[in-house]
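**Student:** TSV, C-alpha atoms and all ligand atoms, saved as entry.tsv, coming up:
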```tsv
chain	number	residue	atom	x	y	z
A	1	MET	CA	154.70	142.71	159.63
A	2	THR	CA	151.45	143.70	157.92
A	3	ALA	CA	148.18	141.97	158.93
A	4	LEU	CA	147.42	138.88	156.85
A	5	ALA	CA	144.28	140.30	155.23
A	6	ASP	CA	146.31	143.23	153.90
A	7	ARG	CA	148.88	140.89	152.38
A	8	LEU	CA	146.39	138.95	150.26
A	9	THR	CA	145.19	140.14	146.85
A	10	GLU	CA	142.38	138.23	145.17
A	11	HIS	CA	142.67	137.80	141.41
A	12	ARG	CA	140.54	136.07	138.79
A	13	ALA	CA	140.51	132.30	138.19
A	14	GLY	CA	140.80	131.32	141.86
A	15	ILE	CA	144.19	132.97	142.33
A	16	THR	CA	145.37	134.78	145.47
A	17	ALA	CA	148.66	136.67	145.56
A	18	ILE	CA	150.25	136.36	149.02
A	19	ASP	CA	152.84	138.98	149.96
A	20	VAL	CA	155.61	136.97	151.64
A	21	GLU	CA	157.35	140.26	152.55
A	22	LEU	CA	160.74	138.99	151.49
A	23	GLY	CA	163.06	142.00	151.56
A	24	ARG	CA	160.17	144.48	151.75
A	25	PRO	CA	156.39	144.50	151.26
A	26	GLY	CA	155.36	144.18	147.63
A	27	MET	CA	158.61	142.55	146.53
A	28	ALA	CA	157.83	138.81	146.41
A	29	ALA	CA	154.59	136.89	146.07
A	30	SER	CA	153.57	133.31	146.48
A	31	HIS	CA	150.42	132.55	144.48
A	32	LEU	CA	147.74	130.22	145.80
A	33	VAL	CA	145.59	128.64	143.09
A	34	VAL	CA	142.33	126.90	144.07
A	35	ASP	CA	140.23	124.77	141.74
A	36	SER	CA	137.34	122.51	142.78
A	37	GLY	CA	138.55	122.31	146.36
A	38	ARG	CA	142.15	121.44	145.49
A	39	ALA	CA	145.03	123.87	145.87
A	40	ALA	CA	148.53	124.65	144.63
A	41	PHE	CA	151.18	127.12	145.65
A	42	VAL	CA	153.24	128.73	142.90
A	43	ASP	CA	156.58	129.71	144.48
A	44	THR	CA	156.95	129.81	148.22
A	45	GLY	CA	159.18	132.66	149.36
A	46	ALA	CA	161.76	131.64	151.98
A	47	SER	CA	161.38	129.35	155.01
A	48	HIS	CA	160.14	132.22	157.18
A	49	SER	CA	157.21	132.64	154.74
A	50	LEU	CA	155.79	129.36	156.07
A	51	PRO	CA	153.52	130.82	158.80
A	52	THR	CA	152.02	133.24	156.25
A	53	LEU	CA	151.33	130.48	153.70
A	54	LEU	CA	149.72	128.24	156.31
A	55	ALA	CA	147.68	131.14	157.74
A	56	THR	CA	146.41	131.85	154.22
A	57	LEU	CA	145.15	128.28	153.87
A	58	GLU	CA	143.44	128.54	157.24
A	59	ALA	CA	141.86	131.90	156.44
A	60	LYS	CA	140.45	130.47	153.22
A	61	GLY	CA	139.20	127.27	154.88
A	62	ILE	CA	141.49	125.00	152.85
A	63	ASP	CA	142.80	121.94	154.66
A	64	ARG	CA	146.53	121.29	154.35
A	65	SER	CA	145.68	117.87	152.91
A	66	ALA	CA	143.88	119.58	149.98
A	67	VAL	CA	147.12	121.05	148.63
A	68	ASP	CA	148.21	118.86	145.72
A	69	TRP	CA	151.11	120.89	144.37
A	70	VAL	CA	154.00	123.10	145.33
A	71	LEU	CA	155.16	124.51	141.99
A	72	THR	CA	158.65	125.99	142.23
A	73	THR	CA	159.25	127.88	138.98
A	74	HIS	CA	163.00	127.67	139.63
A	75	VAL	CA	165.25	126.94	142.56
A	76	HIS	CA	166.44	130.48	143.39
A	77	LEU	CA	165.75	130.87	147.09
A	78	ASP	CA	163.13	133.62	146.84
A	79	HIS	CA	161.06	131.11	144.83
A	80	ALA	CA	161.90	127.74	146.36
A	81	GLY	CA	163.73	128.52	149.63
A	82	GLY	CA	160.58	127.80	151.63
A	83	ALA	CA	159.53	124.72	149.63
A	84	GLY	CA	161.17	122.19	151.96
A	85	ALA	CA	159.59	123.69	155.09
A	86	LEU	CA	156.21	123.94	153.34
A	87	MET	CA	156.25	120.36	152.00
A	88	ARG	CA	156.59	119.06	155.58
A	89	GLU	CA	153.20	120.61	156.41
A	90	LEU	CA	151.36	119.34	153.33
A	91	PRO	CA	150.85	115.57	153.53
A	92	ASN	CA	149.55	115.07	149.96
A	93	ALA	CA	151.57	117.60	147.98
A	94	ARG	CA	154.12	116.92	145.33
A	95	CYS	CA	156.73	119.51	144.48
A	96	ALA	CA	157.22	120.11	140.75
A	97	VAL	CA	160.75	121.07	139.75
A	98	HIS	CA	162.77	121.46	136.54
A	99	PRO	CA	165.12	118.50	135.86
A	100	ARG	CA	168.13	120.78	136.40
A	101	GLY	CA	166.79	121.95	139.78
A	102	ALA	CA	165.74	118.62	141.31
A	103	ARG	CA	169.01	117.75	143.02
A	104	HIS	CA	169.17	121.22	144.59
A	105	LEU	CA	165.81	120.72	146.30
A	106	SER	CA	166.73	117.31	147.68
A	107	ASP	CA	170.17	118.59	148.75
A	108	PRO	CA	170.18	122.39	149.05
A	109	SER	CA	173.82	122.75	150.15
A	110	ARG	CA	175.12	124.11	146.80
A	111	LEU	CA	172.17	126.43	146.47
A	112	ILE	CA	172.88	127.85	149.91
A	113	ALA	CA	176.56	128.37	149.07
A	114	GLY	CA	175.62	130.07	145.76
A	115	SER	CA	173.16	132.42	147.46
A	116	ARG	CA	175.66	133.32	150.17
A	117	ALA	CA	178.07	134.29	147.39
A	118	VAL	CA	175.47	136.49	145.67
A	119	PHE	CA	173.99	138.19	148.75
A	120	GLY	CA	176.80	138.10	151.32
A	121	GLU	CA	176.46	136.22	154.62
A	122	GLU	CA	174.51	138.83	156.59
A	123	ARG	CA	171.91	139.60	153.92
A	124	TYR	CA	171.62	135.89	153.11
A	125	ARG	CA	170.72	135.10	156.74
A	126	ALA	CA	168.22	137.93	157.00
A	127	LEU	CA	166.51	136.93	153.76
A	128	TYR	CA	166.58	133.15	153.71
A	129	GLY	CA	167.35	131.57	157.09
A	130	GLU	CA	167.26	127.78	157.14
A	131	ILE	CA	166.64	125.75	153.96
A	132	LEU	CA	165.20	122.25	154.38
A	133	PRO	CA	165.66	119.40	151.88
A	134	ILE	CA	162.74	117.66	150.14
A	135	ASP	CA	162.42	113.87	149.99
A	136	PRO	CA	163.21	113.01	146.33
A	137	ALA	CA	160.20	110.64	146.29
A	138	ARG	CA	157.93	113.72	146.63
A	139	LEU	CA	159.46	115.58	143.70
A	140	PHE	CA	157.76	115.66	140.31
A	141	VAL	CA	160.52	116.29	137.79
A	142	ALA	CA	158.85	118.28	135.02
A	143	ASP	CA	160.01	117.72	131.47
A	144	ASP	CA	159.28	120.46	128.94
A	145	GLY	CA	155.54	120.42	128.21
A	146	ALA	CA	154.63	118.27	131.24
A	147	LYS	CA	150.88	118.32	131.94
A	148	ILE	CA	149.52	118.26	135.49
A	149	THR	CA	146.02	118.53	136.94
A	150	LEU	CA	144.76	120.75	139.75
A	151	GLY	CA	141.09	120.04	140.54
A	152	ASP	CA	139.40	120.35	137.13
A	153	ARG	CA	142.19	122.47	135.71
A	154	ALA	CA	144.91	121.39	133.29
A	155	LEU	CA	148.30	123.09	133.69
A	156	GLU	CA	151.27	122.83	131.37
A	157	LEU	CA	154.83	123.29	132.62
A	158	ILE	CA	157.16	124.66	129.94
A	159	HIS	CA	160.91	125.15	130.16
A	160	THR	CA	161.92	128.81	129.84
A	161	PRO	CA	165.69	129.32	129.98
A	162	GLY	CA	167.23	132.83	129.97
A	163	HIS	CA	166.88	133.87	133.62
A	164	ALA	CA	167.96	130.43	134.85
A	165	LEU	CA	168.51	127.10	133.12
A	166	HIS	CA	166.38	125.44	135.80
A	167	HIS	CA	163.32	127.63	135.12
A	168	TYR	CA	159.86	126.55	134.01
A	169	CYS	CA	156.64	128.55	133.65
A	170	ILE	CA	153.09	127.36	134.29
A	171	VAL	CA	150.55	127.82	131.51
A	172	ASP	CA	146.81	127.71	132.26
A	173	GLU	CA	145.53	127.91	128.70
A	174	ALA	CA	141.82	127.60	129.51
A	175	ASN	CA	142.07	130.68	131.73
A	176	ALA	CA	144.48	132.48	129.38
A	177	LEU	CA	147.10	133.02	132.03
A	178	VAL	CA	150.70	132.18	132.83
A	179	PHE	CA	152.76	132.10	136.02
A	180	SER	CA	156.12	133.38	134.86
A	181	GLY	CA	158.40	133.18	137.92
A	182	ASP	CA	161.23	135.51	136.83
A	183	THR	CA	161.09	134.84	133.07
A	184	PHE	CA	158.86	137.82	132.22
A	185	GLY	CA	160.89	140.14	134.48
A	186	LEU	CA	159.97	142.22	137.52
A	187	SER	CA	157.02	144.58	137.82
A	188	TYR	CA	156.66	146.11	141.27
A	189	ARG	CA	153.28	147.66	141.95
A	190	ASP	CA	155.21	150.58	143.56
A	191	PHE	CA	156.04	151.72	140.00
A	192	ASP	CA	152.47	151.65	138.66
A	193	VAL	CA	151.40	154.98	137.17
A	194	ASP	CA	147.66	155.42	136.52
A	195	GLY	CA	147.23	151.65	136.60
A	196	ARG	CA	149.99	151.08	134.04
A	197	ALA	CA	152.73	148.64	134.97
A	198	PHE	CA	156.48	149.23	134.66
A	199	ILE	CA	158.65	146.23	133.84
A	200	PHE	CA	162.35	145.35	133.73
A	201	PRO	CA	164.31	142.09	133.44
A	202	THR	CA	166.01	140.15	136.18
A	203	THR	CA	169.46	138.87	135.19
A	204	THR	CA	170.59	137.06	138.35
A	205	PRO	CA	173.78	134.92	138.29
A	206	VAL	CA	174.69	132.42	137.00
A	207	HIS	CA	172.69	131.52	133.86
A	208	PHE	CA	171.64	134.87	132.31
A	209	ASP	CA	171.34	134.44	128.54
A	210	PRO	CA	169.76	137.39	126.69
A	211	GLU	CA	168.79	135.59	123.47
A	212	ALA	CA	167.29	132.64	125.35
A	213	LEU	CA	165.40	135.01	127.65
A	214	CYS	CA	163.82	136.88	124.72
A	215	ARG	CA	162.82	133.57	123.09
A	216	SER	CA	161.25	132.43	126.36
A	217	VAL	CA	159.22	135.67	126.57
A	218	ASP	CA	158.03	135.03	122.99
A	219	ARG	CA	157.11	131.48	123.90
A	220	LEU	CA	154.95	132.69	126.82
A	221	MET	CA	153.25	135.17	124.48
A	222	SER	CA	152.59	132.42	121.90
A	223	TYR	CA	149.87	131.12	124.27
A	224	ALA	CA	148.09	134.50	123.93
A	225	PRO	CA	147.62	135.00	127.69
A	226	ARG	CA	145.40	137.78	129.05
A	227	SER	CA	147.34	137.94	132.33
A	228	ILE	CA	150.79	136.99	133.50
A	229	PHE	CA	151.42	136.45	137.21
A	230	LEU	CA	154.95	137.43	138.22
A	231	THR	CA	156.53	136.38	141.49
A	232	HIS	CA	157.74	140.00	141.70
A	233	TYR	CA	154.88	141.09	141.74
A	234	ALA	CA	151.51	139.49	140.91
A	235	GLU	CA	149.22	140.13	137.93
A	236	VAL	CA	150.10	142.22	134.91
A	237	THR	CA	148.00	142.77	131.79
A	238	GLU	CA	148.74	144.96	128.68
A	239	LEU	CA	151.02	142.11	127.75
A	240	GLU	CA	151.95	143.13	124.18
A	241	ARG	CA	153.51	146.34	125.50
A	242	LEU	CA	155.19	144.68	128.46
A	243	ALA	CA	156.65	141.85	126.36
A	244	ARG	CA	158.09	144.41	123.94
A	245	GLU	CA	159.51	146.50	126.78
A	246	VAL	CA	161.01	143.64	128.75
A	247	LYS	CA	162.78	142.30	125.63
A	248	GLU	CA	164.04	145.78	124.71
A	249	ARG	CA	165.47	146.06	128.26
A	250	VAL	CA	167.07	142.60	128.17
A	251	LEU	CA	168.98	143.72	125.07
A	252	ALA	CA	169.76	147.11	126.62
A	253	PHE	CA	171.24	145.38	129.70
A	254	ALA	CA	173.32	143.11	127.45
A	255	ASP	CA	174.51	146.16	125.45
A	256	LEU	CA	175.46	147.95	128.64
A	257	GLY	CA	177.53	144.93	129.63
A	258	ALA	CA	179.21	144.69	126.22
A	259	ARG	CA	180.04	148.42	126.30
A	260	HIS	CA	181.84	148.19	129.65
A	261	ARG	CA	183.19	144.69	129.25
A	262	ASP	CA	186.88	145.68	129.31
A	263	ALA	CA	186.64	148.75	131.57
A	264	LEU	CA	188.92	148.69	134.61
A	265	ASP	CA	186.08	149.87	136.83
A	266	ARG	CA	183.53	147.67	135.03
A	267	SER	CA	181.63	146.86	138.16
A	268	SER	CA	180.86	150.42	139.15
A	269	LYS	CA	180.21	151.53	135.54
A	270	LEU	CA	177.66	148.75	135.17
A	271	ARG	CA	175.88	149.59	138.40
A	272	HIS	CA	175.68	153.31	137.64
A	273	GLY	CA	174.71	152.61	134.05
A	274	MET	CA	171.93	150.20	134.96
A	275	PHE	CA	170.43	152.45	137.61
A	276	ALA	CA	170.50	155.39	135.18
A	277	MET	CA	168.95	153.29	132.42
A	278	ILE	CA	166.05	152.06	134.57
A	279	SER	CA	165.61	155.56	135.99
A	280	ASP	CA	165.34	157.01	132.45
A	281	ARG	CA	162.68	154.44	131.56
A	282	LEU	CA	160.84	155.35	134.79
A	283	ASP	CA	160.86	159.03	133.74
A	284	ALA	CA	159.39	158.05	130.37
A	285	HIS	CA	156.79	155.95	132.20
A	286	GLY	CA	155.70	159.06	134.14
A	287	TYR	CA	156.96	157.90	137.54
A	288	ALA	CA	157.35	160.99	139.72
A	289	ARG	CA	159.21	159.82	142.85
A	290	ASP	CA	162.77	161.04	143.44
A	291	GLY	CA	166.17	159.37	143.44
A	292	GLY	CA	165.98	158.31	147.10
A	293	GLU	CA	162.81	156.30	146.54
A	294	ARG	CA	164.17	154.90	143.27
A	295	HIS	CA	167.33	153.72	145.02
A	296	ARG	CA	165.28	152.16	147.82
A	297	LEU	CA	163.24	150.15	145.33
A	298	LEU	CA	165.96	149.34	142.78
A	299	ASP	CA	169.38	149.04	144.43
A	300	GLU	CA	169.17	145.37	145.37
A	301	ASP	CA	167.94	144.37	141.91
A	302	VAL	CA	170.58	146.53	140.21
A	303	GLU	CA	173.29	144.82	142.26
A	304	ILE	CA	172.07	141.29	141.54
A	305	ASN	CA	171.39	142.06	137.86
A	306	CYS	CA	174.90	143.45	137.42
A	307	GLN	CA	176.43	140.39	139.07
A	308	GLY	CA	174.51	138.27	136.56
A	309	ILE	CA	175.70	140.37	133.62
A	310	GLU	CA	179.32	140.10	134.80
A	311	VAL	CA	179.07	136.32	135.03
A	312	TRP	CA	177.59	136.31	131.50
A	313	LEU	CA	180.38	138.59	130.16
A	314	ASP	CA	183.05	136.36	131.70
A	315	ARG	CA	181.44	133.24	130.24
A	316	LYS	CA	181.07	134.60	126.68
B	401	ZN	ZN	165.32	133.92	139.99
```
Translate this file's structure into structure tokens.

**Tutor:**
Amino acid sequence: MTALADRLTEHRAGITAIDVELGRPGMAASHLVVDSGRAAFVDTGASHSLPTLLATLEAKGIDRSAVDWVLTTHVHLDHAGGAGALMRELPNARCAVHPRGARHLSDPSRLIAGSRAVFGEERYRALYGEILPIDPARLFVADDGAKITLGDRALELIHTPGHALHHYCIVDEANALVFSGDTFGLSYRDFDVDGRAFIFPTTTPVHFDPEALCRSVDRLMSYAPRSIFLTHYAEVTELERLAREVKERVLAFADLGARHRDALDRSSKLRHGMFAMISDRLDAHGYARDGGERHRLLDEDVEINCQGIEVWLDRK
């Protein structure tokens, strides 16, 4: 595991991206937001991220009692798997959750079963370990447009279906920024070329909905943010281009699914097709690394994305 200092990236507006090293370094972030001595975590990684999150507070001189919020953008386990363990260490925090996610945080059994189905038992254990429930009295169930306060900062929680029906994003209008969870897609810093970000959508089972996802991206952009903070991974700018590209790729993924919908070997056609499609876009982006490195960085997402597209095809 990398030293703590090397896992923290300081951003503007009191934001620190913490690499929770879920899967591999640079794959999943928890964001710590500090305003006037009060703090919030946006997404938590899995339970084994807990020591890293607590060490970050300590390194920054923030008492655990100064954390007011654990904001779980949605209940997928790379975002909220560690929320139960974290809440036990934060005496004053409330955990904000979408109305459709609340029961999964107070009783994670169905979430655990769903994730085992997506990842397989062995990978599930390696990634997520134990998931602890949260006392329902400590949940803040966020309706669309809910306003919360962190220090002197106003935050708005808006519902953004498309990746998951239980997804919300966090808008900080005064600072012109958004925390997008998985709604704005994935942008690993490994794919940056000359400081330019590469982006693609995440279409995890079981709620992928291409039209809704594109509308949610538009809704984020309607706030005219200067930065979006992605759980996978951290700050991106150049948002007009990235919004256009992520929507184009959502539709391209949906088209790929539609094209192979009735193929006998649908599953393998989808996986090859998606890897080739992302790889082509990487070529156009100017990314120079070879197929081995591309497979290392993309295979898990391709697998999960294709599972999501198959669930969507079967539902349609
Ligand atoms: Zn997700």

**Student:** Could you check how far CA of Leu239 (chain A) sits from CA of Thr72 (chain A), in Å to one decimal?

**Tutor:**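 Separating CA of Leu239 (chain A) from CA of Thr72 (chain A) is a distance of 23.0 Å.
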
**Student:** Name each residue within 7 Å of ligand ZN 401 (chain B), counting all atoms listed in the file, as a list in words.

**Tutor:**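 With all atoms listed in the file and a cut-off of 7 Å, ligand ZN 401 (chain B) is contacted by His74, His76, His163, Ala164, Asp182 and Thr204 of chain A.
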
**Student:** Grab the CA of Asp262 (chain A) to CA of Asp299 (chain A) distance for me, in Å with one decimal place.

**Tutor:**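 Atom-to-atom, CA of Asp262 (chain A) and CA of Asp299 (chain A) are spaced 23.4 Å apart.
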
**Student:** Pick from A:His207, A:Asp172, A:Ala252, A:His79: nearest to Ser227 (chain A), with all atoms listed in the file counted?

**Tutor:**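 Closest to Ser227 (chain A) of all the choices is A:Asp172.
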
**Student:** Could you check how far CA of Asp152 (chain A) sits from CA of Gly81 (chain A), in Å to one decimal?

**Tutor:**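 Interatomic distance, CA of Asp152 (chain A) to CA of Gly81 (chain A): 28.5 Å.
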
**Student:** With distances taken over only C-alpha atoms, which of A:Phe275, A:Tyr168, A:Phe229, A:Phe200 is nearest to Glu248 (chain A)?

**Tutor:**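 Distance minimum relative to Glu248 (chain A) lands on A:Phe200.
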
**Student:** Point out the residue among A:Ala80, A:Ala146, A:Ile158, A:Val171 with the least atom-to-atom distance to Ile134 (chain A), counting all atoms listed in the file.

**Tutor:**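 Closest residue, counting all atoms listed in the file: A:Ala80.
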
**Student:** Restricting the calculation to all atoms listed in the file: of A:Phe198, A:Ile62, A:Leu150, A:Asp283, which residue gets closest to Arg241 (chain A)?

**Tutor:**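 So, comparing all the options, the nearest one is A:Phe198.
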
**Student:** Counting all atoms listed in the file, which residue out of A:Gly26, A:Gly162, A:Gly14, A:Pro91 sits closest to Ala66 (chain A)?

**Tutor:**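 Closest candidate: A:Pro91.
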
**Student:** Excluding same-chain residues fewer than 5 positions from Phe179 (chain A), what lies within 8 Å of it counting only C-alpha atoms, as a ChimeraX atom specification?

**Tutor:** /A:42,169-171,228-231

**Student:** Can you rebuild region 274-287 of chain A with N, CA, C and O atoms and give it as a PDB file, keeping the file's coordinate frame?

**Tutor:**
```pdb
ATOM      1  N   MET A 274     173.230 150.875 134.879  1.00  0.00           N
ATOM      2  CA  MET A 274     171.930 150.200 134.960  1.00  0.00           C
ATOM      3  C   MET A 274     170.919 151.022 135.740  1.00  0.00           C
ATOM      4  O   MET A 274     169.769 151.144 135.333  1.00  0.00           O
ATOM      5  N   PHE A 275     171.373 151.615 136.859  1.00  0.00           N
ATOM      6  CA  PHE A 275     170.430 152.450 137.610  1.00  0.00           C
ATOM      7  C   PHE A 275     169.944 153.604 136.739  1.00  0.00           C
ATOM      8  O   PHE A 275     168.748 153.906 136.688  1.00  0.00           O
ATOM      9  N   ALA A 276     170.874 154.254 136.023  1.00  0.00           N
ATOM     10  CA  ALA A 276     170.500 155.390 135.180  1.00  0.00           C
ATOM     11  C   ALA A 276     169.539 154.954 134.070  1.00  0.00           C
ATOM     12  O   ALA A 276     168.571 155.661 133.746  1.00  0.00           O
ATOM     13  N   MET A 277     169.790 153.772 133.507  1.00  0.00           N
ATOM     14  CA  MET A 277     168.950 153.290 132.420  1.00  0.00           C
ATOM     15  C   MET A 277     167.511 153.022 132.911  1.00  0.00           C
ATOM     16  O   MET A 277     166.535 153.449 132.289  1.00  0.00           O
ATOM     17  N   ILE A 278     167.392 152.353 134.048  1.00  0.00           N
ATOM     18  CA  ILE A 278     166.050 152.060 134.570  1.00  0.00           C
ATOM     19  C   ILE A 278     165.364 153.367 134.969  1.00  0.00           C
ATOM     20  O   ILE A 278     164.173 153.580 134.709  1.00  0.00           O
ATOM     21  N   SER A 279     166.149 154.281 135.560  1.00  0.00           N
ATOM     22  CA  SER A 279     165.610 155.560 135.990  1.00  0.00           C
ATOM     23  C   SER A 279     165.079 156.371 134.796  1.00  0.00           C
ATOM     24  O   SER A 279     164.003 156.978 134.873  1.00  0.00           O
ATOM     25  N   ASP A 280     165.808 156.339 133.670  1.00  0.00           N
ATOM     26  CA  ASP A 280     165.340 157.010 132.450  1.00  0.00           C
ATOM     27  C   ASP A 280     164.006 156.426 131.981  1.00  0.00           C
ATOM     28  O   ASP A 280     163.100 157.155 131.576  1.00  0.00           O
ATOM     29  N   ARG A 281     163.925 155.096 132.008  1.00  0.00           N
ATOM     30  CA  ARG A 281     162.680 154.440 131.560  1.00  0.00           C
ATOM     31  C   ARG A 281     161.537 154.793 132.512  1.00  0.00           C
ATOM     32  O   ARG A 281     160.394 154.924 132.103  1.00  0.00           O
ATOM     33  N   LEU A 282     161.872 154.946 133.821  1.00  0.00           N
ATOM     34  CA  LEU A 282     160.840 155.350 134.790  1.00  0.00           C
ATOM     35  C   LEU A 282     160.341 156.770 134.497  1.00  0.00           C
ATOM     36  O   LEU A 282     159.143 157.054 134.604  1.00  0.00           O
ATOM     37  N   ASP A 283     161.272 157.670 134.123  1.00  0.00           N
ATOM     38  CA  ASP A 283     160.860 159.030 133.740  1.00  0.00           C
ATOM     39  C   ASP A 283     159.883 158.958 132.567  1.00  0.00           C
ATOM     40  O   ASP A 283     158.829 159.585 132.575  1.00  0.00           O
ATOM     41  N   ALA A 284     160.243 158.163 131.556  1.00  0.00           N
ATOM     42  CA  ALA A 284     159.390 158.050 130.370  1.00  0.00           C
ATOM     43  C   ALA A 284     158.027 157.441 130.717  1.00  0.00           C
ATOM     44  O   ALA A 284     157.018 157.740 130.078  1.00  0.00           O
ATOM     45  N   HIS A 285     158.019 156.608 131.743  1.00  0.00           N
ATOM     46  CA  HIS A 285     156.790 155.950 132.200  1.00  0.00           C
ATOM     47  C   HIS A 285     155.893 156.928 132.980  1.00  0.00           C
ATOM     48  O   HIS A 285     154.720 156.655 133.213  1.00  0.00           O
ATOM     49  N   GLY A 286     156.472 158.066 133.395  1.00  0.00           N
ATOM     50  CA  GLY A 286     155.700 159.060 134.140  1.00  0.00           C
ATOM     51  C   GLY A 286     155.794 158.910 135.645  1.00  0.00           C
ATOM     52  O   GLY A 286     155.016 159.509 136.393  1.00  0.00           O
ATOM     53  N   TYR A 287     156.782 158.115 136.095  1.00  0.00           N
ATOM     54  CA  TYR A 287     156.960 157.900 137.540  1.00  0.00           C
ATOM     55  C   TYR A 287     157.585 159.143 138.141  1.00  0.00           C
ATOM     56  O   TYR A 287     158.607 159.631 137.655  1.00  0.00           O
TER      57      TYR A 287
END
```
